[in-house]
Amino acid sequence: MVPCFIGLGSNLEQPRQQLVRAFSELALLTSSKLITKSSLYISKPLGPQDQPDYINAVAELETSLPALTLLSSMQAIESEHQRVRTEHWGPRTLDLDLLLYGQETISVEQLKVPHPEMVRRNFVLYPLFEIAPDLNIPGLGSLKNLLTKLDDSDLQKLEPDE
Ligand code: ROI
């Protein structure tokens, strides 16, 4: 089994519900086990500002699926959430990003792992740190060190009953 980390994001159609549902769909993936879910975080949109705030989170999954099979299962979950790809960096009902696949570096047309944008995104690194504080990102060093370069203003952790 390979430990994997998946980033979740939504800013349309009841984003919290989208993420709660996505967690349970990830838990049902074949040959995989959902290990941990981070808290949900409210974050200001990166990119165009004329869109709603996002809810973001990170999940840890153990899987024996190959990375590209996992990716297509994740895309199937996105489609079930009626994700429509509209404008670049526009709003979305559910975005699932494969952040890390074990300690592997993958660079094929469909998939880059570690996710190339993750180190610049506080809405990815803070929830990741919450569930895996001792993680190393292949080629990029310790998560702890990467976090010192990103502030958490404009990021708000939601308590479970909020
Ligand atoms: N901004 C935030 N805060 N969270 C996201 O998940 C997110 N996803 C995106 C873009 C449009 C880049 N902005 C985002 O794809």
# chains A, B, ... in the order shown; residues from 1 in each chain; ligands from 1
$ closest_atom_pairs --of "chain A" --to "ligand 1" --cutoff "12 Å" --atoms "only C-alpha atoms and all ligand atoms" --output "JSON lines"
{"residue": "A:Ile6", "atom": "CA", "partner": "ligand 1", "partner_atom_place_in_ligand_line": "6 (O)", "distance": 11.6}
{"residue": "A:Gly7", "atom": "CA", "partner": "ligand 1", "partner_atom_place_in_ligand_line": "6 (O)", "distance": 7.9}
{"residue": "A:Leu8", "atom": "CA", "partner": "ligand 1", "partner_atom_place_in_ligand_line": "6 (O)", "distance": 6.7}
{"residue": "A:Gly9", "atom": "CA", "partner": "ligand 1", "partner_atom_place_in_ligand_line": "6 (O)", "distance": 4.1}
{"residue": "A:Ser10", "atom": "CA", "partner": "ligand 1", "partner_atom_place_in_ligand_line": "6 (O)", "distance": 6.2}
{"residue": "A:Asn11", "atom": "CA", "partner": "ligand 1", "partner_atom_place_in_ligand_line": "6 (O)", "distance": 7.8}
{"residue": "A:Leu12", "atom": "CA", "partner": "ligand 1", "partner_atom_place_in_ligand_line": "6 (O)", "distance": 11.1}
{"residue": "A:Pro15", "atom": "CA", "partner": "ligand 1", "partner_atom_place_in_ligand_line": "6 (O)", "distance": 10.6}
{"residue": "A:Leu19", "atom": "CA", "partner": "ligand 1", "partner_atom_place_in_ligand_line": "6 (O)", "distance": 11.2}
{"residue": "A:Leu40", "atom": "CA", "partner": "ligand 1", "partner_atom_place_in_ligand_line": "6 (O)", "distance": 11.5}
{"residue": "A:Tyr41", "atom": "CA", "partner": "ligand 1", "partner_atom_place_in_ligand_line": "3 (N)", "distance": 9.2}
{"residue": "A:Ile42", "atom": "CA", "partner": "ligand 1", "partner_atom_place_in_ligand_line": "3 (N)", "distance": 7.6}
{"residue": "A:Ser43", "atom": "CA", "partner": "ligand 1", "partner_atom_place_in_ligand_line": "3 (N)", "distance": 4.5}
{"residue": "A:Lys44", "atom": "CA", "partner": "ligand 1", "partner_atom_place_in_ligand_line": "3 (N)", "distance": 4.7}
{"residue": "A:Pro45", "atom": "CA", "partner": "ligand 1", "partner_atom_place_in_ligand_line": "1 (N)", "distance": 3.7}
{"residue": "A:Leu46", "atom": "CA", "partner": "ligand 1", "partner_atom_place_in_ligand_line": "1 (N)", "distance": 3.8}
{"residue": "A:Gly47", "atom": "CA", "partner": "ligand 1", "partner_atom_place_in_ligand_line": "13 (N)", "distance": 5.5}
{"residue": "A:Pro48", "atom": "CA", "partner": "ligand 1", "partner_atom_place_in_ligand_line": "11 (C)", "distance": 7.2}
{"residue": "A:Gln49", "atom": "CA", "partner": "ligand 1", "partner_atom_place_in_ligand_line": "13 (N)", "distance": 9.2}
{"residue": "A:Asp50", "atom": "CA", "partner": "ligand 1", "partner_atom_place_in_ligand_line": "11 (C)", "distance": 10.8}
{"residue": "A:Gln51", "atom": "CA", "partner": "ligand 1", "partner_atom_place_in_ligand_line": "11 (C)", "distance": 9.0}
{"residue": "A:Pro52", "atom": "CA", "partner": "ligand 1", "partner_atom_place_in_ligand_line": "3 (N)", "distance": 9.2}
{"residue": "A:Asp53", "atom": "CA", "partner": "ligand 1", "partner_atom_place_in_ligand_line": "3 (N)", "distance": 6.6}
{"residue": "A:Tyr54", "atom": "CA", "partner": "ligand 1", "partner_atom_place_in_ligand_line": "4 (N)", "distance": 5.1}
{"residue": "A:Ile55", "atom": "CA", "partner": "ligand 1", "partner_atom_place_in_ligand_line": "4 (N)", "distance": 6.8}
{"residue": "A:Asn56", "atom": "CA", "partner": "ligand 1", "partner_atom_place_in_ligand_line": "6 (O)", "distance": 5.8}
{"residue": "A:Ala57", "atom": "CA", "partner": "ligand 1", "partner_atom_place_in_ligand_line": "6 (O)", "distance": 8.6}
{"residue": "A:Val58", "atom": "CA", "partner": "ligand 1", "partner_atom_place_in_ligand_line": "6 (O)", "distance": 10.5}
{"residue": "A:Arg85", "atom": "CA", "partner": "ligand 1", "partner_atom_place_in_ligand_line": "15 (O)", "distance": 10.5}
{"residue": "A:Thr86", "atom": "CA", "partner": "ligand 1", "partner_atom_place_in_ligand_line": "11 (C)", "distance": 10.9}
{"residue": "A:Glu87", "atom": "CA", "partner": "ligand 1", "partner_atom_place_in_ligand_line": "11 (C)", "distance": 9.2}
{"residue": "A:His88", "atom": "CA", "partner": "ligand 1", "partner_atom_place_in_ligand_line": "11 (C)", "distance": 7.3}
{"residue": "A:Trp89", "atom": "CA", "partner": "ligand 1", "partner_atom_place_in_ligand_line": "11 (C)", "distance": 3.6}
{"residue": "A:Gly90", "atom": "CA", "partner": "ligand 1", "partner_atom_place_in_ligand_line": "11 (C)", "distance": 5.1}
{"residue": "A:Pro91", "atom": "CA", "partner": "ligand 1", "partner_atom_place_in_ligand_line": "11 (C)", "distance": 6.2}
{"residue": "A:Arg92", "atom": "CA", "partner": "ligand 1", "partner_atom_place_in_ligand_line": "15 (O)", "distance": 7.6}
{"residue": "A:Thr93", "atom": "CA", "partner": "ligand 1", "partner_atom_place_in_ligand_line": "6 (O)", "distance": 10.1}
{"residue": "A:Leu94", "atom": "CA", "partner": "ligand 1", "partner_atom_place_in_ligand_line": "6 (O)", "distance": 8.6}
{"residue": "A:Asp95", "atom": "CA", "partner": "ligand 1", "partner_atom_place_in_ligand_line": "6 (O)", "distance": 6.9}
{"residue": "A:Leu96", "atom": "CA", "partner": "ligand 1", "partner_atom_place_in_ligand_line": "6 (O)", "distance": 8.7}
{"residue": "A:Asp97", "atom": "CA", "partner": "ligand 1", "partner_atom_place_in_ligand_line": "6 (O)", "distance": 9.2}
{"residue": "A:Glu117", "atom": "CA", "partner": "ligand 1", "partner_atom_place_in_ligand_line": "12 (C)", "distance": 9.0}
{"residue": "A:Met118", "atom": "CA", "partner": "ligand 1", "partner_atom_place_in_ligand_line": "6 (O)", "distance": 10.4}
{"residue": "A:Arg120", "atom": "CA", "partner": "ligand 1", "partner_atom_place_in_ligand_line": "12 (C)", "distance": 10.8}
{"residue": "A:Arg121", "atom": "CA", "partner": "ligand 1", "partner_atom_place_in_ligand_line": "3 (N)", "distance": 8.1}
{"residue": "A:Asn122", "atom": "CA", "partner": "ligand 1", "partner_atom_place_in_ligand_line": "3 (N)", "distance": 8.4}
{"residue": "A:Phe123", "atom": "CA", "partner": "ligand 1", "partner_atom_place_in_ligand_line": "3 (N)", "distance": 6.2}
{"residue": "A:Val124", "atom": "CA", "partner": "ligand 1", "partner_atom_place_in_ligand_line": "6 (O)", "distance": 8.0}
{"residue": "A:Leu125", "atom": "CA", "partner": "ligand 1", "partner_atom_place_in_ligand_line": "4 (N)", "distance": 11.6}
{"residue": "A:Pro127", "atom": "CA", "partner": "ligand 1", "partner_atom_place_in_ligand_line": "6 (O)", "distance": 11.9}
{"residue": "A:Asp152", "atom": "CA", "partner": "ligand 1", "partner_atom_place_in_ligand_line": "3 (N)", "distance": 11.5}
{"residue": "A:Ser153", "atom": "CA", "partner": "ligand 1", "partner_atom_place_in_ligand_line": "3 (N)", "distance": 11.7}
{"residue": "A:Asp154", "atom": "CA", "partner": "ligand 1", "partner_atom_place_in_ligand_line": "3 (N)", "distance": 8.8}
{"residue": "A:Leu155", "atom": "CA", "partner": "ligand 1", "partner_atom_place_in_ligand_line": "3 (N)", "distance": 8.3}
{"residue": "A:Gln156", "atom": "CA", "partner": "ligand 1", "partner_atom_place_in_ligand_line": "3 (N)", "distance": 10.8}
$ residues_around --residues "Leu111 of chain A" --least-positions-apart "2" --cutoff "9 Å" --atoms "only C-alpha atoms" --output "ChimeraX atom specification"
/A:67-68,71,98,106-109,113,115
$ select_by_dssp --residues "segment 55-148 of chain A" --states "alpha helix (DSSP H)" --output "VMD selection string"
chain A and resid 67 to 80 122 to 131 143 to 147
$ write_last_selection --atoms "C-alpha atoms" --output "PDB file, in the first residue's frame"
ATOM      1  CA  ALA A  67      -1.115   6.522  -9.627  1.00  0.00           C
ATOM      2  CA  LEU A  68      -2.882   6.992 -12.963  1.00  0.00           C
ATOM      3  CA  THR A  69      -5.694   4.625 -11.954  1.00  0.00           C
ATOM      4  CA  LEU A  70      -6.131   6.554  -8.738  1.00  0.00           C
ATOM      5  CA  LEU A  71      -6.197   9.769 -10.768  1.00  0.00           C
ATOM      6  CA  SER A  72      -8.987   8.501 -13.026  1.00  0.00           C
ATOM      7  CA  SER A  73     -10.986   7.331 -10.000  1.00  0.00           C
ATOM      8  CA  MET A  74     -10.603  10.829  -8.566  1.00  0.00           C
ATOM      9  CA  GLN A  75     -11.771  12.336 -11.849  1.00  0.00           C
ATOM     10  CA  ALA A  76     -14.806  10.049 -11.768  1.00  0.00           C
ATOM     11  CA  ILE A  77     -15.663  11.435  -8.317  1.00  0.00           C
ATOM     12  CA  GLU A  78     -15.258  14.989  -9.646  1.00  0.00           C
ATOM     13  CA  SER A  79     -17.687  14.224 -12.485  1.00  0.00           C
ATOM     14  CA  GLU A  80     -20.238  12.866 -10.026  1.00  0.00           C
ATOM     15  CA  ASN A 122      -1.375  27.722   2.149  1.00  0.00           C
ATOM     16  CA  PHE A 123      -4.792  26.062   1.697  1.00  0.00           C
ATOM     17  CA  VAL A 124      -2.907  22.872   0.812  1.00  0.00           C
ATOM     18  CA  LEU A 125       0.101  22.975   3.141  1.00  0.00           C
ATOM     19  CA  TYR A 126      -1.716  23.916   6.358  1.00  0.00           C
ATOM     20  CA  PRO A 127      -4.288  21.098   6.197  1.00  0.00           C
ATOM     21  CA  LEU A 128      -1.521  18.724   5.103  1.00  0.00           C
ATOM     22  CA  PHE A 129       0.555  19.739   8.111  1.00  0.00           C
ATOM     23  CA  GLU A 130      -2.412  19.143  10.391  1.00  0.00           C
ATOM     24  CA  ILE A 131      -2.540  15.443   9.417  1.00  0.00           C
ATOM     25  CA  LEU A 143       6.805  20.264   5.063  1.00  0.00           C
ATOM     26  CA  LYS A 144       7.684  22.080   8.281  1.00  0.00           C
ATOM     27  CA  ASN A 145      10.284  24.150   6.509  1.00  0.00           C
ATOM     28  CA  LEU A 146       8.057  24.862   3.496  1.00  0.00           C
ATOM     29  CA  LEU A 147       5.350  26.134   5.833  1.00  0.00           C
TER      30      LEU A 147
END
$ residues_around --residues "Ser24 of chain A" --least-positions-apart "3" --cutoff "12 Å" --atoms "only C-alpha atoms" --output "list in words"
Gln17, Gln18, Leu19, Val20, Arg21, Ala27, Leu28, Leu29, Lys33, Leu34, Ile35, Thr36, Lys37, Ala59, Leu61 and Ile77 of chain A
$ atom_distance --atom1 "atom CA of Gly139 of chain A" --atom2 "atom CA of Lys157 of chain A"
28.2 Å
$ select_by_dssp --residues "chain A" --states "strand (DSSP E)" --output "PyMOL selection string"
chain A and resi 2-10+32-37+41-43+54-63+95-101+106-108+111-113+136-137+141-142+155-157
$ atom_distance --atom1 "atom CA of Gln110 of chain A" --atom2 "atom CA of Glu13 of chain A"
27.0 Å
$ residues_around --residues "segment 62-64 of chain A" --least-positions-apart "5" --cutoff "6 Å" --atoms "only C-alpha atoms" --output "count of residues only"
7
$ closest_residue --among "A:Ala132, A:Phe5, A:Glu25, A:Ser39" --to "Glu159 of chain A" --atoms "only C-alpha atoms"
A:Ser39
$ residues_around --residues "Gln103 of chain A" --least-positions-apart "2" --cutoff "8 Å" --atoms "only C-alpha atoms" --output "list in words"
Leu100, Tyr101, Thr105, Ile137 and Pro138 of chain A
$ atom_distance --atom1 "atom CA of Gln14 of chain A" --atom2 "atom CA of Pro116 of chain A"
27.6 Å
